[in-house]
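The file start_15.txt contains compact mmCIF, C-alpha atoms:
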# COMPACT_ATOMS: atom_id res chain seq x y z
CA GLU Y 249 -19.10 28.41 19.91
CA ILE Y 250 -20.47 26.01 17.29
CA MET Y 251 -17.13 24.16 17.15
CA ARG Y 252 -17.16 23.89 20.95
CA GLN Y 253 -20.65 22.35 20.92
CA ILE Y 254 -19.76 19.92 18.12
CA CYS Y 255 -16.63 18.73 19.88
CA HIS Y 256 -18.48 18.41 23.17
CA HIS Y 257 -20.96 16.02 21.55
CA ILE Y 258 -18.12 14.08 19.90
CA ARG Y 259 -16.40 13.62 23.23
CA TYR Y 260 -19.41 12.50 25.22
CA ARG Y 261 -21.39 10.53 22.65
CA ASN Y 262 -20.64 7.31 20.82
CA ILE Y 263 -19.27 8.94 17.65
CA SER Y 264 -16.56 7.01 15.80
CA ARG Y 265 -16.08 9.18 12.70
CA VAL Y 266 -16.04 12.95 12.28
CA SER Y 267 -15.36 15.13 9.25
CA PHE Y 268 -14.34 18.78 9.17
CA SER Y 269 -14.33 19.67 5.48
CA ASP Y 270 -14.21 23.08 3.81
CA ASN Y 271 -15.10 24.93 6.99
CA ARG Y 272 -14.13 28.57 7.40
CA PHE Y 273 -12.91 28.87 10.96
CA THR Y 274 -12.56 32.48 12.05
CA ASN Y 275 -10.45 31.37 15.00
CA MET Y 276 -8.29 28.46 13.83
CA ARG Y 277 -6.41 28.11 17.10
CA GLY Y 278 -9.62 27.97 19.09
CA ALA Y 279 -11.04 25.36 16.68
CA ILE Y 280 -7.94 23.18 17.06
CA ASN Y 281 -8.10 23.46 20.86
CA GLU Y 282 -11.71 22.27 20.79
CA LEU Y 283 -10.70 19.47 18.42
CA GLY Y 284 -8.14 18.38 20.99
CA LYS Y 285 -10.91 17.94 23.55
CA ALA Y 286 -12.95 15.86 21.08
CA LEU Y 287 -9.93 13.67 20.38
CA GLN Y 288 -9.95 12.57 24.01
CA SER Y 289 -12.94 10.39 23.15
CA LYS Y 290 -12.07 6.68 23.17
CA GLN Y 291 -14.77 6.02 20.56
CA LEU Y 292 -13.42 8.40 17.91
CA LYS Y 293 -11.48 6.29 15.37
CA HIS Y 294 -11.59 8.26 12.12
CA LEU Y 295 -10.80 11.97 11.70
CA ILE Y 296 -11.21 13.87 8.42
CA TRP Y 297 -9.60 17.33 8.21
CA SER Y 298 -9.95 18.50 4.64
CA GLY Y 299 -9.97 21.75 2.72
CA HIS Y 300 -8.96 24.28 5.35
CA THR Y 301 -5.28 25.16 5.37
CA ILE Y 302 -3.77 25.89 8.75
CA GLU Y 303 -2.02 29.21 8.11
CA THR Y 304 0.54 29.57 10.87
CA THR Y 305 3.37 27.35 12.07
CA GLU Y 306 2.15 27.74 15.65
CA ASP Y 307 -1.34 26.51 14.78
CA MET Y 308 0.05 23.55 12.84
CA THR Y 309 2.28 22.64 15.78
CA LEU Y 310 -0.82 22.71 17.97
CA PHE Y 311 -2.69 20.47 15.50
CA THR Y 312 0.07 17.84 15.53
CA ARG Y 313 0.19 18.02 19.32
CA VAL Y 314 -3.52 17.40 19.87
CA LEU Y 315 -3.46 14.58 17.30
CA THR Y 316 -0.47 12.98 19.01
CA GLN Y 317 -2.28 13.08 22.35
CA SER Y 318 -5.11 10.94 20.97
CA ASN Y 319 -4.75 7.24 21.70
CA SER Y 320 -7.85 6.14 19.80
CA VAL Y 321 -7.69 7.63 16.28
CA GLU Y 322 -6.48 5.03 13.78
CA GLU Y 323 -7.71 6.54 10.50
CA LEU Y 324 -6.73 10.04 9.37
CA THR Y 325 -7.73 11.92 6.23
CA PHE Y 326 -5.67 15.11 5.88
CA ARG Y 327 -6.38 16.42 2.37
CA TRP Y 328 -6.23 19.67 0.44
CA ASN Y 329 -4.05 21.42 2.95
CA SER Y 330 -0.46 22.27 1.97
CA ASN Y 331 2.98 20.82 1.42
CA GLU Y 332 4.37 22.51 4.52
CA ASN Y 333 1.57 21.31 6.78
CA THR Y 334 1.79 17.76 5.50
CA GLN Y 335 5.53 17.71 6.12
CA ALA Y 336 4.90 18.99 9.64
CA LEU Y 337 2.29 16.28 10.14
CA LEU Y 338 4.60 13.49 8.96
CA SER Y 339 7.45 14.65 11.16
CA GLY Y 340 5.33 15.51 14.19
CA VAL Y 341 2.89 12.61 14.55
CA ASP Y 342 3.64 8.97 15.28
CA PHE Y 343 1.57 7.01 12.75
CA SER Y 344 2.88 3.60 13.80
CA GLY Y 345 -0.53 2.59 15.18
CA TYR Y 346 -2.69 3.89 12.33
CA LYS Y 347 -4.56 1.66 9.86
CA VAL Y 348 -5.55 4.26 7.24
CA LEU Y 349 -3.69 7.41 6.18
CA ASN Y 350 -4.98 9.68 3.40
CA LEU Y 351 -2.63 12.53 2.46
CA GLY Y 352 -4.08 13.22 -0.98
CA GLY Y 353 -4.09 16.58 -2.73
CA ASN Y 354 -1.53 18.35 -0.55
CA ASN Y 355 1.11 19.08 -3.23
CA LEU Y 356 3.57 17.25 -0.99
CA GLN Y 357 7.23 17.54 -1.96
CA THR Y 358 9.54 15.55 0.28
CA ASN Y 359 12.79 17.24 -0.77
CA GLY Y 360 14.63 14.06 0.11
CA ARG Y 361 12.91 13.42 3.43
CA THR Y 362 12.08 9.77 4.02
CA ASP Y 363 9.15 9.93 6.46
CA ILE Y 364 6.85 7.93 4.15
CA PRO Y 365 9.23 5.10 3.16
CA ASP Y 366 10.44 4.91 6.77
CA LEU Y 367 6.85 4.43 7.92
CA ILE Y 368 6.21 1.71 5.32
CA SER Y 369 9.45 -0.19 5.98
CA ALA Y 370 8.70 -0.29 9.72
CA ASN Y 371 5.76 -2.59 8.76
CA PRO Y 372 3.17 -0.98 11.06
CA PRO Y 373 -0.53 -2.02 11.06
CA LEU Y 374 -1.11 0.54 8.28
CA GLU Y 375 -3.31 -1.07 5.60
CA THR Y 376 -4.27 1.84 3.33
CA LEU Y 377 -2.11 4.76 2.20
CA HIS Y 378 -3.39 7.45 -0.18
CA LEU Y 379 -0.66 9.64 -1.67
CA GLY Y 380 -2.46 10.82 -4.81
CA GLY Y 381 -2.45 14.44 -5.95
CA ASN Y 382 0.97 15.31 -4.58
CA LYS Y 383 4.37 16.08 -6.13
CA LEU Y 384 6.27 12.93 -5.33
CA ASN Y 385 9.04 12.20 -7.85
CA ASP Y 386 11.09 9.25 -9.09
CA ASP Y 387 13.43 9.35 -6.10
CA ASP Y 388 10.47 9.17 -3.74
CA ALA Y 389 8.98 6.28 -5.72
CA VAL Y 390 12.24 4.32 -5.62
CA LEU Y 391 12.47 4.73 -1.84
CA ILE Y 392 8.82 3.70 -1.42
CA ALA Y 393 9.43 0.69 -3.67
CA GLN Y 394 12.38 -0.37 -1.54
CA SER Y 395 10.33 0.02 1.62
CA LEU Y 396 7.61 -2.28 0.24
CA GLY Y 397 10.14 -5.09 0.39
CA GLU Y 398 10.01 -4.84 4.19
CA ASN Y 399 6.22 -4.60 4.46
CA THR Y 400 3.51 -7.26 4.72
CA HIS Y 401 0.59 -5.23 6.14
CA LEU Y 402 -0.03 -2.50 3.57
CA THR Y 403 -2.78 -3.73 1.23
CA TYR Y 404 -3.47 -0.56 -0.80
CA LEU Y 405 -1.20 2.23 -2.04
CA ASN Y 406 -2.46 5.06 -4.26
CA VAL Y 407 0.08 7.24 -6.10
CA VAL Y 408 -2.20 8.72 -8.79
CA GLY Y 409 -1.38 12.24 -9.98
CA ASN Y 410 2.21 12.69 -8.84
CA ASN Y 411 5.39 13.59 -10.75
CA ILE Y 412 6.56 9.99 -10.96
CA GLN Y 413 8.06 9.08 -14.34
CA GLU Y 414 9.29 5.85 -15.94
CA ARG Y 415 12.10 5.13 -13.46
CA GLY Y 416 9.86 5.51 -10.42
CA MET Y 417 6.95 3.65 -11.99
CA ARG Y 418 9.24 0.78 -12.94
CA ALA Y 419 10.61 0.58 -9.38
CA LEU Y 420 7.11 0.45 -7.89
CA TYR Y 421 5.98 -2.18 -10.38
CA GLU Y 422 8.97 -4.40 -9.77
CA ALA Y 423 8.50 -4.07 -6.02
CA VAL Y 424 5.26 -6.03 -6.37
CA ASN Y 425 5.99 -8.03 -9.53
CA ASP Y 426 9.68 -8.54 -10.34
CA THR Y 427 9.60 -11.18 -13.07
CA SER Y 428 13.34 -11.14 -13.84
CA THR Y 429 13.67 -14.51 -12.08
CA LEU Y 430 11.40 -16.75 -10.03
CA ASN Y 431 13.48 -15.97 -6.95
CA ALA Y 432 12.97 -12.24 -7.49
CA LEU Y 433 9.27 -12.79 -8.06
CA SER Y 434 8.95 -14.86 -4.91
CA ASP Y 435 10.72 -12.13 -2.93
CA SER Y 436 8.43 -9.38 -4.26
CA ASN Y 437 5.80 -7.72 -2.09
CA HIS Y 438 2.66 -9.91 -2.11
CA SER Y 439 0.29 -7.80 -0.01
CA CYS Y 440 0.08 -4.32 -1.57
CA LEU Y 441 -2.38 -3.47 -4.35
CA LEU Y 442 -0.96 -0.53 -6.32
CA GLU Y 443 -3.04 2.15 -7.99
CA GLY Y 444 -1.68 4.94 -10.14
CA LEU Y 445 0.65 3.23 -12.61
CA PRO Y 446 -0.02 3.66 -16.37
CA GLU Y 447 -1.52 0.88 -18.46
CA ASP Y 448 1.95 -0.06 -19.71
CA PHE Y 449 2.41 -1.76 -16.36
CA ASP Y 450 0.01 -4.68 -16.20
CA LEU Y 451 -1.32 -4.77 -12.66
CA ASP Y 452 -4.21 -7.14 -13.41
CA ALA Y 453 -4.47 -9.80 -10.70
CA ILE Y 454 -1.36 -8.46 -8.92
CA ASN Y 455 -1.94 -8.69 -5.16
CA CYS Y 456 -5.73 -8.76 -5.51
CA ASP Y 457 -6.31 -11.25 -2.71
CA SER Y 458 -6.50 -9.42 0.62
CA GLY Y 459 -7.93 -12.35 2.57
CA SER Y 460 -6.34 -14.19 5.46
CA ASN Y 461 -4.34 -16.32 3.01
CA GLY Y 462 -3.68 -13.45 0.64
CA LEU Y 463 0.12 -13.37 0.85
CA HIS Y 464 0.35 -17.02 -0.10
CA MET Y 465 -2.26 -16.93 -2.87
CA ASN Y 466 -0.90 -13.72 -4.41
CA ARG Y 467 2.54 -15.31 -4.62
CA ILE Y 468 1.39 -18.47 -6.35
CA CYS Y 469 -0.81 -16.42 -8.72
CA LYS Y 470 2.24 -14.49 -9.89
CA ILE Y 471 4.36 -17.62 -10.23
CA TYR Y 472 1.64 -19.32 -12.24
CA LYS Y 473 1.18 -16.30 -14.53
CA LEU Y 474 4.93 -16.11 -15.26
CA MET Y 475 5.12 -19.84 -15.92
CA VAL Y 476 2.19 -19.67 -18.36
CA GLU Y 477 3.91 -16.83 -20.21
CA ARG Y 478 7.14 -18.80 -20.46
CA TYR Y 479 5.30 -21.92 -21.56
CA ARG Y 480 3.51 -20.04 -24.32
CA ASN Y 481 6.76 -18.52 -25.53
CA ARG Y 482 7.82 -22.11 -26.34
CA ASP Y 483 11.12 -21.91 -24.53
CA GLY Y 484 9.47 -23.62 -21.57
CA ASN Y 485 10.09 -23.23 -17.87
CA VAL Y 486 12.70 -25.89 -17.14
CA PRO Y 487 15.70 -23.99 -18.63
CA HIS Y 488 14.78 -21.00 -16.48
CA LEU Y 489 14.21 -23.11 -13.38
CA ASN Y 490 17.48 -24.98 -13.72
CA MET Y 491 19.36 -21.70 -14.13
CA GLU Y 492 17.50 -19.53 -11.63
CA ILE Y 493 16.77 -21.96 -8.81
CA ARG Y 494 19.58 -24.12 -7.52
CA GLY Y 495 20.51 -25.82 -4.28
CA GLU Y 496 18.46 -24.70 -1.29
CA ASP Y 497 16.50 -22.21 -3.41
CA SER Y 498 14.90 -25.06 -5.34
CA VAL Y 499 13.83 -26.71 -2.11
CA HIS Y 500 12.24 -23.50 -0.83
CA LEU Y 501 10.48 -22.56 -4.05
CA ALA Y 502 9.49 -25.99 -5.36
CA PRO Y 503 6.27 -26.21 -3.30
CA PHE Y 504 5.10 -22.80 -4.61
CA VAL Y 505 5.91 -23.74 -8.20
CA MET Y 506 4.05 -27.03 -8.04
CA GLU Y 507 1.13 -25.59 -6.09
CA SER Y 508 0.69 -22.75 -8.60
CA VAL Y 509 -0.09 -25.37 -11.26
CA VAL Y 510 -2.05 -27.87 -9.18
CA ARG Y 511 -4.24 -25.26 -7.44
CA ARG Y 512 -5.08 -23.19 -10.51
CA ASP Y 513 -8.78 -23.51 -9.60
CA LYS Y 514 -8.10 -21.24 -6.61
CA LEU Y 515 -6.83 -18.41 -8.82
CA SER Y 516 -8.90 -15.59 -10.26
CA PRO Y 517 -11.42 -16.69 -12.95
CA GLU Y 518 -9.53 -14.74 -15.62
CA MET Y 519 -6.21 -16.35 -14.77
CA TYR Y 520 -7.78 -19.79 -14.44
CA LEU Y 521 -9.27 -19.62 -17.94
CA GLU Y 522 -6.14 -18.03 -19.39
CA GLY Y 523 -3.89 -20.88 -18.29
CA PHE Y 524 -6.28 -23.82 -18.31
CA GLU Y 525 -5.03 -25.35 -21.55
CA CYS Y 526 -1.39 -25.02 -20.40
CA SER Y 527 -1.68 -26.62 -16.99
CA LEU Y 528 -1.27 -30.26 -17.96
CA GLY Y 529 1.68 -29.42 -20.19
CA LEU Y 530 3.25 -27.34 -17.42
CA LEU Y 531 2.90 -30.12 -14.89
CA TYR Y 532 4.31 -32.71 -17.32
CA GLU Y 533 7.27 -30.48 -18.13
CA LEU Y 534 8.12 -29.93 -14.45
CA VAL Y 535 7.86 -33.59 -13.46
CA LYS Y 536 9.77 -34.80 -16.50
CA ASP Y 537 12.69 -32.38 -16.82
CA TRP Y 538 13.13 -30.16 -13.74
CA LYS Y 539 16.32 -31.14 -11.90
CA MET Y 540 15.45 -30.32 -8.31
CA ALA Y 541 17.98 -30.74 -5.52
CA GLU Y 542 17.72 -34.11 -3.80

Would you write out, as structure tokens, the structure that this file holds?
Amino acid sequence: EIMRQICHHIRYRNISRVSFSDNRFTNMRGAINELGKALQSKQLKHLIWSGHTIETTEDMTLFTRVLTQSNSVEELTFRWNSNENTQALLSGVDFSGYKVLNLGGNNLQTNGRTDIPDLISANPPLETLHLGGNKLNDDDAVLIAQSLGENTHLTYLNVVGNNIQERGMRALYEAVNDTSTLNALSDSNHSCLLEGLPEDFDLDAINCDSGSNGLHMNRICKIYKLMVERYRNRDGNVPHLNMEIRGEDSVHLAPFVMESVVRRDKLSPEMYLEGFECSLGLLYELVKDWKMAE
């Protein structure tokens, strides 16, 4: 009865966010049916369903059905449920229109299923994805890393507290900051801020700009940081540039390379101060010795 009253108010009042956390429903199916009525509200944008595991397959099927029938919800928090229910959610609900998805603390094991990387690679409007507190492994991380190469909308990805080891961590890091060559770095993901990698992977200033020009600024920040590191190592940048960037590649990347030096004042304060004393030397080196295609 209480659930019916709550959902009635949600449906007919201007309520945009509702949280059902750690409730003890005596009639789970009845509660989900009432939730379905609330989800018909056009104003309801954010649903939190946390801490009460749906015990039966039939009830979970009903939950995915009522969620699918909602055309307004764009943020879902589904935490502290179970691996099986989260798998059912991922396979049963179309998340292509969602902006925020929090699946933390569900002990999720994909067993080779690719629902998450498939969602990311489709480049939906999804901006925030919480996957912390699950049991994702290196194979999952590698697939997610590959999917980031196809994505420009996701701005935050949390993988804290999973079973991801060195191979998976390395794949995720290189997806957003592959410094093997300038071409690889330029082709990295420049939108997604990663959380959950150990301190061995330096994520400082990596994809920190989420503004309207974030993709562009994040790219030139990374290029500038790599060039400063090469300059300080005394082998300079020109040998790398002449080897890594040839023909059309030099034409495409040259503006980013030059801009990363000239517009250092637009970078983060830490990066600006770190490379200030190098900038004139960098610029002189590029103008003097870089053999760009004519």

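Going from atom CA of Y:Lys293 over to atom CA of Y:Asn262, you cover 10.7 Å.
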
Point out the residue among Y:Leu391, Y:Gln413, Y:Val341, Y:Pro373 with the least atom-to-atom distance to Y:Arg361, counting all atoms listed in the file.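 Smallest separation from Y:Arg361 among the options: Y:Leu391.
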
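The residue that comes closest to Y:Thr400, out of Y:Asp537, Y:Glu306, Y:Glu375, Y:Asp450 and on the basis of only C-alpha atoms, is Y:Glu375.
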
What would the list of residues within 10 Å of (7.9, -11.6, -14.9) (file frame) look like as a VMD selection string, if only C-alpha atoms are what count? chain Y and resid 422 425 to 430 432 to 433 470 to 471 473 to 475 477 to 478

Counting only C-alpha atoms, which residue out of Y:Asp342, Y:Glu414, Y:Glu443, Y:Glu322 sits closest to Y:Asn455? Y:Glu443
